[in-house]
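Below is coords_29.pdb, which holds PDB, C-alpha atoms.
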```pdb
ATOM      1  CA  MET A   1      63.428  26.518  39.198  1.00  0.00           C
ATOM      2  CA  ARG A   2      59.746  25.538  39.285  1.00  0.00           C
ATOM      3  CA  ASN A   3      59.653  25.833  43.084  1.00  0.00           C
ATOM      4  CA  PHE A   4      61.227  29.293  42.869  1.00  0.00           C
ATOM      5  CA  LEU A   5      58.575  30.478  40.374  1.00  0.00           C
ATOM      6  CA  ASP A   6      55.809  29.035  42.558  1.00  0.00           C
ATOM      7  CA  ARG A   7      57.119  30.992  45.550  1.00  0.00           C
ATOM      8  CA  ILE A   8      57.258  34.216  43.526  1.00  0.00           C
ATOM      9  CA  GLY A   9      53.708  33.655  42.291  1.00  0.00           C
ATOM     10  CA  SER A  10      52.528  32.971  45.818  1.00  0.00           C
ATOM     11  CA  ALA A  11      54.245  36.104  47.138  1.00  0.00           C
ATOM     12  CA  LEU A  12      52.692  38.196  44.360  1.00  0.00           C
ATOM     13  CA  ARG A  13      49.202  36.804  45.121  1.00  0.00           C
ATOM     14  CA  LYS A  14      49.670  37.637  48.810  1.00  0.00           C
ATOM     15  CA  PHE A  15      50.842  41.149  47.946  1.00  0.00           C
ATOM     16  CA  MET A  16      47.881  41.799  45.631  1.00  0.00           C
ATOM     17  CA  TYR A  17      45.296  40.375  48.055  1.00  0.00           C
ATOM     18  CA  GLY A  18      42.788  43.108  48.917  1.00  0.00           C
ATOM     19  CA  ARG A  19      44.027  45.438  46.201  1.00  0.00           C
ATOM     20  CA  TYR A  20      41.874  46.670  43.309  1.00  0.00           C
ATOM     21  CA  GLY A  21      43.819  45.255  40.365  1.00  0.00           C
ATOM     22  CA  SER A  22      43.183  46.130  36.748  1.00  0.00           C
ATOM     23  CA  ASP A  23      40.016  47.151  34.883  1.00  0.00           C
ATOM     24  CA  GLN A  24      38.930  48.925  31.681  1.00  0.00           C
ATOM     25  CA  LEU A  25      40.133  52.343  32.896  1.00  0.00           C
ATOM     26  CA  ASN A  26      43.591  50.931  33.602  1.00  0.00           C
ATOM     27  CA  LEU A  27      43.693  49.407  30.125  1.00  0.00           C
ATOM     28  CA  CYS A  28      42.685  52.778  28.684  1.00  0.00           C
ATOM     29  CA  LEU A  29      45.414  54.510  30.714  1.00  0.00           C
ATOM     30  CA  MET A  30      48.008  52.014  29.454  1.00  0.00           C
ATOM     31  CA  VAL A  31      46.972  52.631  25.835  1.00  0.00           C
ATOM     32  CA  ILE A  32      47.117  56.406  26.402  1.00  0.00           C
ATOM     33  CA  CYS A  33      50.571  55.996  27.937  1.00  0.00           C
ATOM     34  CA  LEU A  34      51.780  53.983  24.948  1.00  0.00           C
ATOM     35  CA  VAL A  35      50.363  56.478  22.424  1.00  0.00           C
ATOM     36  CA  LEU A  36      51.891  59.457  24.249  1.00  0.00           C
ATOM     37  CA  TRP A  37      55.230  57.675  24.518  1.00  0.00           C
ATOM     38  CA  LEU A  38      55.236  56.852  20.791  1.00  0.00           C
ATOM     39  CA  LEU A  39      54.298  60.435  19.913  1.00  0.00           C
ATOM     40  CA  SER A  40      57.081  61.781  22.115  1.00  0.00           C
ATOM     41  CA  ALA A  41      59.539  59.473  20.333  1.00  0.00           C
ATOM     42  CA  LEU A  42      58.354  60.563  16.874  1.00  0.00           C
ATOM     43  CA  ILE A  43      58.121  64.310  17.421  1.00  0.00           C
ATOM     44  CA  GLN A  44      61.493  66.046  17.235  1.00  0.00           C
ATOM     45  CA  VAL A  45      60.612  69.216  19.186  1.00  0.00           C
ATOM     46  CA  ALA A  46      62.249  69.110  22.625  1.00  0.00           C
ATOM     47  CA  VAL A  47      59.494  70.959  24.501  1.00  0.00           C
ATOM     48  CA  VAL A  48      56.746  68.768  23.010  1.00  0.00           C
ATOM     49  CA  GLN A  49      58.795  65.631  23.727  1.00  0.00           C
ATOM     50  CA  THR A  50      59.146  66.673  27.361  1.00  0.00           C
ATOM     51  CA  ILE A  51      55.434  67.408  27.770  1.00  0.00           C
ATOM     52  CA  LEU A  52      54.319  64.175  26.080  1.00  0.00           C
ATOM     53  CA  GLY A  53      56.871  62.125  28.020  1.00  0.00           C
ATOM     54  CA  THR A  54      55.714  63.658  31.310  1.00  0.00           C
ATOM     55  CA  LEU A  55      52.062  62.971  30.474  1.00  0.00           C
ATOM     56  CA  SER A  56      52.997  59.408  29.539  1.00  0.00           C
ATOM     57  CA  TYR A  57      54.702  58.864  32.894  1.00  0.00           C
ATOM     58  CA  ALA A  58      51.755  60.447  34.718  1.00  0.00           C
ATOM     59  CA  ALA A  59      49.330  58.038  33.011  1.00  0.00           C
ATOM     60  CA  ILE A  60      51.394  54.961  33.919  1.00  0.00           C
ATOM     61  CA  ILE A  61      51.887  56.140  37.501  1.00  0.00           C
ATOM     62  CA  TYR A  62      48.148  56.736  37.903  1.00  0.00           C
ATOM     63  CA  ALA A  63      47.405  53.268  36.428  1.00  0.00           C
ATOM     64  CA  ILE A  64      49.805  51.635  38.893  1.00  0.00           C
ATOM     65  CA  PHE A  65      48.305  53.664  41.745  1.00  0.00           C
ATOM     66  CA  ARG A  66      44.820  52.443  40.778  1.00  0.00           C
ATOM     67  CA  MET A  67      46.002  48.815  40.631  1.00  0.00           C
ATOM     68  CA  MET A  68      47.591  48.989  44.072  1.00  0.00           C
ATOM     69  CA  SER A  69      44.701  50.857  45.684  1.00  0.00           C
ATOM     70  CA  ARG A  70      42.582  49.249  48.392  1.00  0.00           C
ATOM     71  CA  ASN A  71      39.741  51.755  47.931  1.00  0.00           C
ATOM     72  CA  TYR A  72      37.389  49.577  45.861  1.00  0.00           C
ATOM     73  CA  ASP A  73      34.449  51.995  45.900  1.00  0.00           C
ATOM     74  CA  ARG A  74      36.407  54.927  44.530  1.00  0.00           C
ATOM     75  CA  ARG A  75      38.137  52.870  41.825  1.00  0.00           C
ATOM     76  CA  ARG A  76      34.826  51.283  40.797  1.00  0.00           C
ATOM     77  CA  LYS A  77      33.203  54.731  40.488  1.00  0.00           C
ATOM     78  CA  GLU A  78      36.067  55.909  38.287  1.00  0.00           C
ATOM     79  CA  ASN A  79      35.709  52.850  36.046  1.00  0.00           C
ATOM     80  CA  ASP A  80      31.913  53.257  35.903  1.00  0.00           C
ATOM     81  CA  TRP A  81      32.409  56.868  34.785  1.00  0.00           C
ATOM     82  CA  LEU A  82      34.610  55.696  31.894  1.00  0.00           C
ATOM     83  CA  LEU A  83      32.149  52.974  30.896  1.00  0.00           C
ATOM     84  CA  GLU A  84      29.289  55.490  30.974  1.00  0.00           C
ATOM     85  CA  LYS A  85      31.177  57.872  28.670  1.00  0.00           C
ATOM     86  CA  THR A  86      32.382  55.214  26.234  1.00  0.00           C
ATOM     87  CA  GLY A  87      29.300  52.942  26.347  1.00  0.00           C
ATOM     88  CA  PRO A  88      27.455  54.331  23.291  1.00  0.00           C
ATOM     89  CA  ILE A  89      30.616  54.253  21.174  1.00  0.00           C
ATOM     90  CA  THR A  90      31.421  50.696  22.246  1.00  0.00           C
ATOM     91  CA  LYS A  91      27.870  49.516  21.541  1.00  0.00           C
ATOM     92  CA  SER A  92      27.859  51.023  18.061  1.00  0.00           C
ATOM     93  CA  PHE A  93      31.210  49.378  17.183  1.00  0.00           C
ATOM     94  CA  LYS A  94      29.989  46.005  18.464  1.00  0.00           C
ATOM     95  CA  ARG A  95      26.757  46.358  16.486  1.00  0.00           C
ATOM     96  CA  MET A  96      28.647  47.292  13.295  1.00  0.00           C
ATOM     97  CA  ARG A  97      31.042  44.376  13.717  1.00  0.00           C
ATOM     98  CA  ARG A  98      28.162  41.949  14.278  1.00  0.00           C
ATOM     99  CA  GLN A  99      26.280  43.269  11.247  1.00  0.00           C
ATOM    100  CA  MET A 100      29.350  43.122   9.001  1.00  0.00           C
ATOM    101  CA  GLY A 101      30.006  39.526  10.057  1.00  0.00           C
ATOM    102  CA  ASP A 102      26.414  38.403   9.459  1.00  0.00           C
ATOM    103  CA  LYS A 103      26.372  36.935   5.936  1.00  0.00           C
ATOM    104  CA  ASP A 104      22.753  35.710   6.050  1.00  0.00           C
ATOM    105  CA  TYR A 105      20.944  38.949   6.916  1.00  0.00           C
ATOM    106  CA  LYS A 106      20.839  42.577   5.813  1.00  0.00           C
ATOM    107  CA  TYR A 107      20.316  45.343   8.379  1.00  0.00           C
ATOM    108  CA  PHE A 108      18.601  48.688   7.779  1.00  0.00           C
ATOM    109  CA  LYS A 109      16.685  51.380   9.654  1.00  0.00           C
ATOM    110  CA  CYS A 110      12.928  51.884   9.635  1.00  0.00           C
ATOM    111  CA  PRO A 111      12.202  55.167   7.767  1.00  0.00           C
ATOM    112  CA  SER A 112       9.577  56.151  10.320  1.00  0.00           C
ATOM    113  CA  CYS A 113      11.001  55.376  13.779  1.00  0.00           C
ATOM    114  CA  GLY A 114      14.668  54.525  13.121  1.00  0.00           C
ATOM    115  CA  GLN A 115      14.426  51.005  14.575  1.00  0.00           C
ATOM    116  CA  THR A 116      17.102  48.636  13.218  1.00  0.00           C
ATOM    117  CA  LEU A 117      15.483  45.836  11.242  1.00  0.00           C
ATOM    118  CA  ARG A 118      16.964  42.571   9.955  1.00  0.00           C
ATOM    119  CA  VAL A 119      15.814  40.769   6.813  1.00  0.00           C
ATOM    120  CA  PRO A 120      17.219  37.716   5.002  1.00  0.00           C
ATOM    121  CA  LYS A 121      19.648  38.472   2.179  1.00  0.00           C
ATOM    122  CA  GLY A 122      18.989  37.383  -1.389  1.00  0.00           C
ATOM    123  CA  LYS A 123      15.168  37.540  -1.347  1.00  0.00           C
ATOM    124  CA  GLY A 124      14.895  40.444  -3.818  1.00  0.00           C
ATOM    125  CA  LYS A 125      12.339  43.149  -3.030  1.00  0.00           C
ATOM    126  CA  ILE A 126      10.296  42.286   0.031  1.00  0.00           C
ATOM    127  CA  HIS A 127       7.474  43.925   1.950  1.00  0.00           C
ATOM    128  CA  VAL A 128       8.581  44.715   5.532  1.00  0.00           C
ATOM    129  CA  THR A 129       6.484  45.765   8.529  1.00  0.00           C
ATOM    130  CA  CYS A 130       8.293  47.418  11.439  1.00  0.00           C
ATOM    131  CA  ARG A 131       7.491  45.727  14.734  1.00  0.00           C
ATOM    132  CA  ASN A 132       8.109  48.927  16.650  1.00  0.00           C
ATOM    133  CA  CYS A 133       5.811  51.394  14.851  1.00  0.00           C
ATOM    134  CA  GLY A 134       3.854  49.219  12.372  1.00  0.00           C
ATOM    135  CA  THR A 135       5.046  51.068   9.257  1.00  0.00           C
ATOM    136  CA  SER A 136       4.975  48.952   6.075  1.00  0.00           C
ATOM    137  CA  PHE A 137       7.422  49.546   3.225  1.00  0.00           C
ATOM    138  CA  GLN A 138       9.333  47.827   0.425  1.00  0.00           C
ATOM    139  CA  GLN A 139      13.012  46.959   0.907  1.00  0.00           C
ATOM    140  CA  LYS A 140      15.513  45.421  -1.503  1.00  0.00           C
ATOM    141  CA  THR A 141      17.699  42.722   0.058  1.00  0.00           C
TER     142      THR A 141
END
```
Just dump the structure as structure tokens.
Amino acid sequence: MRNFLDRIGSALRKFMYGRYGSDQLNLCLMVICLVLWLLSALIQVAVVQTILGTLSYAAIIYAIFRMMSRNYDRRRKENDWLLEKTGPITKSFKRMRRQMGDKDYKYFKCPSCGQTLRVPKGKGKIHVTCRNCGTSFQQKT
């Protein structure tokens, strides 16, 4: 059985050699496919079910096409486009998650320039100077 699985794995690696594979856009397409499929299962209107089901199949077919493609430049440009559009949203979620998980510091914005500043928690009212613009102000931690 082990030898059989090794041969299948080897054949799959040979088949995928030189192909693009998966990236963030493919993951996004898979999530879109799943959401559309779930919506089509929940909505009881036949026309809407058909449209959502068709869009779901189109998303999965396009994801498979992208995985099997040998045109690296084109697939990379498509993925870069997605990352460019979703970059600011992703950065803000990562920043919020990091700030929520940080138990030792409090984060706030400078009233003058909007720079995010970090001060230790539990120090009471402290005098803060922004490193970006030099504005001094009081902040409660």
Between A:Lys121, A:Val48, A:Cys133, A:Gly87, which has the minimum distance to Asp104 of chain A (counting all atoms listed in the file)?
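Looking at the shortest contact to Asp104 of chain A, the residue is A:Lys121.
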How far is it from atom CA of Leu34 of chain A to atom CA of Ile64 of chain A, in Å with one decimal?
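So the two atoms, atom CA of Leu34 of chain A and atom CA of Ile64 of chain A, lie 14.3 Å apart.
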Calculate how many Å separate atom CA of Arg131 of chain A from atom CA of Ile89 of chain A, rounding to one decimal.
25.5 Å
Counting only C-alpha atoms, which residues of segment 68-118 of chain A sit at most 9 Å from some atom of segment 127-130 of chain A, and what is each one's closest atom pair with its distance in Å to one decimal, listed by chain and rising residue number, as a tab-separated table?
```
residue	atom	partner	partner_atom	distance
A:Cys110	CA	A:Cys130	CA	6.7
A:Ser112	CA	A:Cys130	CA	8.9
A:Cys113	CA	A:Cys130	CA	8.7
A:Gln115	CA	A:Cys130	CA	7.8
A:Leu117	CA	A:Cys130	CA	7.4
```
Surrounding residues of segment 68-77 of chain A excluding itself and chain neighbours under 3 positions, 7 Å, only C-alpha atoms, as a ChimeraX atom specification:
/A:18-21,64-65,80-81
Using only C-alpha atoms: which of A:Asn3, A:Ser10, A:Asn79, A:Thr50 has the shortest distance to Leu27 of chain A
A:Asn79
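If you look at atom CA of Cys33 of chain A and atom CA of Ala59 of chain A, they are 5.6 Å away from each other.
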Output check: residues returned by the PyMOL selection byres ((chain A and resi 39) around 12), as a PyMOL selection string
chain A and resi 32-38+40-45+48-56
Apply the PyMOL selection byres ((chain A and resi 25) around 9) to the file shown and report the selected residues as number ranges by chain.
A: 22-24, 26-30, 63, 78-80, 82-83
Selection above as a file: C-alpha atoms, as a short mmCIF file (atom, residue, chain, number, x, y, z; two decimals), keeping the file's coordinate frame:
```
data_model
loop_
_atom_site.label_atom_id
_atom_site.label_comp_id
_atom_site.auth_asym_id
_atom_site.auth_seq_id
_atom_site.Cartn_x
_atom_site.Cartn_y
_atom_site.Cartn_z
CA SER A 22 43.18 46.13 36.75
CA ASP A 23 40.02 47.15 34.88
CA GLN A 24 38.93 48.92 31.68
CA ASN A 26 43.59 50.93 33.60
CA LEU A 27 43.69 49.41 30.12
CA CYS A 28 42.68 52.78 28.68
CA LEU A 29 45.41 54.51 30.71
CA MET A 30 48.01 52.01 29.45
CA ALA A 63 47.40 53.27 36.43
CA GLU A 78 36.07 55.91 38.29
CA ASN A 79 35.71 52.85 36.05
CA ASP A 80 31.91 53.26 35.90
CA LEU A 82 34.61 55.70 31.89
CA LEU A 83 32.15 52.97 30.90
#
```
Which neighbours of segment 122-124 of chain A fall inside 12 Å, counting only C-alpha atoms, when residues of the same chain fewer than 4 positions from it are skipped, and could you give them as a short mmCIF file (atom, residue, chain, number, x, y, z; two decimals) with C-alpha atoms, keeping the file's coordinate frame?
```
data_model
loop_
_atom_site.label_atom_id
_atom_site.label_comp_id
_atom_site.auth_asym_id
_atom_site.auth_seq_id
_atom_site.Cartn_x
_atom_site.Cartn_y
_atom_site.Cartn_z
CA LYS A 103 26.37 36.94 5.94
CA ASP A 104 22.75 35.71 6.05
CA TYR A 105 20.94 38.95 6.92
CA LYS A 106 20.84 42.58 5.81
CA VAL A 128 8.58 44.72 5.53
CA GLN A 138 9.33 47.83 0.42
CA GLN A 139 13.01 46.96 0.91
CA LYS A 140 15.51 45.42 -1.50
CA THR A 141 17.70 42.72 0.06
#
```
Return the padded bounding box of segment 52-60 of chain A as AutoDock Vina command-line options: axis-aligned, built from all atoms listed in the file, 4 Å added on each side, with centre and edge lengths in Å to one decimal.
```
--center_x 53.1 --center_y 59.6 --center_z 30.4 --size_x 15.5 --size_y 17.2 --size_z 16.6
```
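Proximity to Phe137 of chain A was assessed for A:Lys109, A:Arg7, A:Arg98, A:Arg2 counting only C-alpha atoms; the smallest distance is recorded for A:Lys109.
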In terms of all atoms listed in the file, the residue from A:Tyr17, A:Phe108, A:Tyr57, A:Tyr62 at minimal distance from Met96 of chain A is A:Phe108
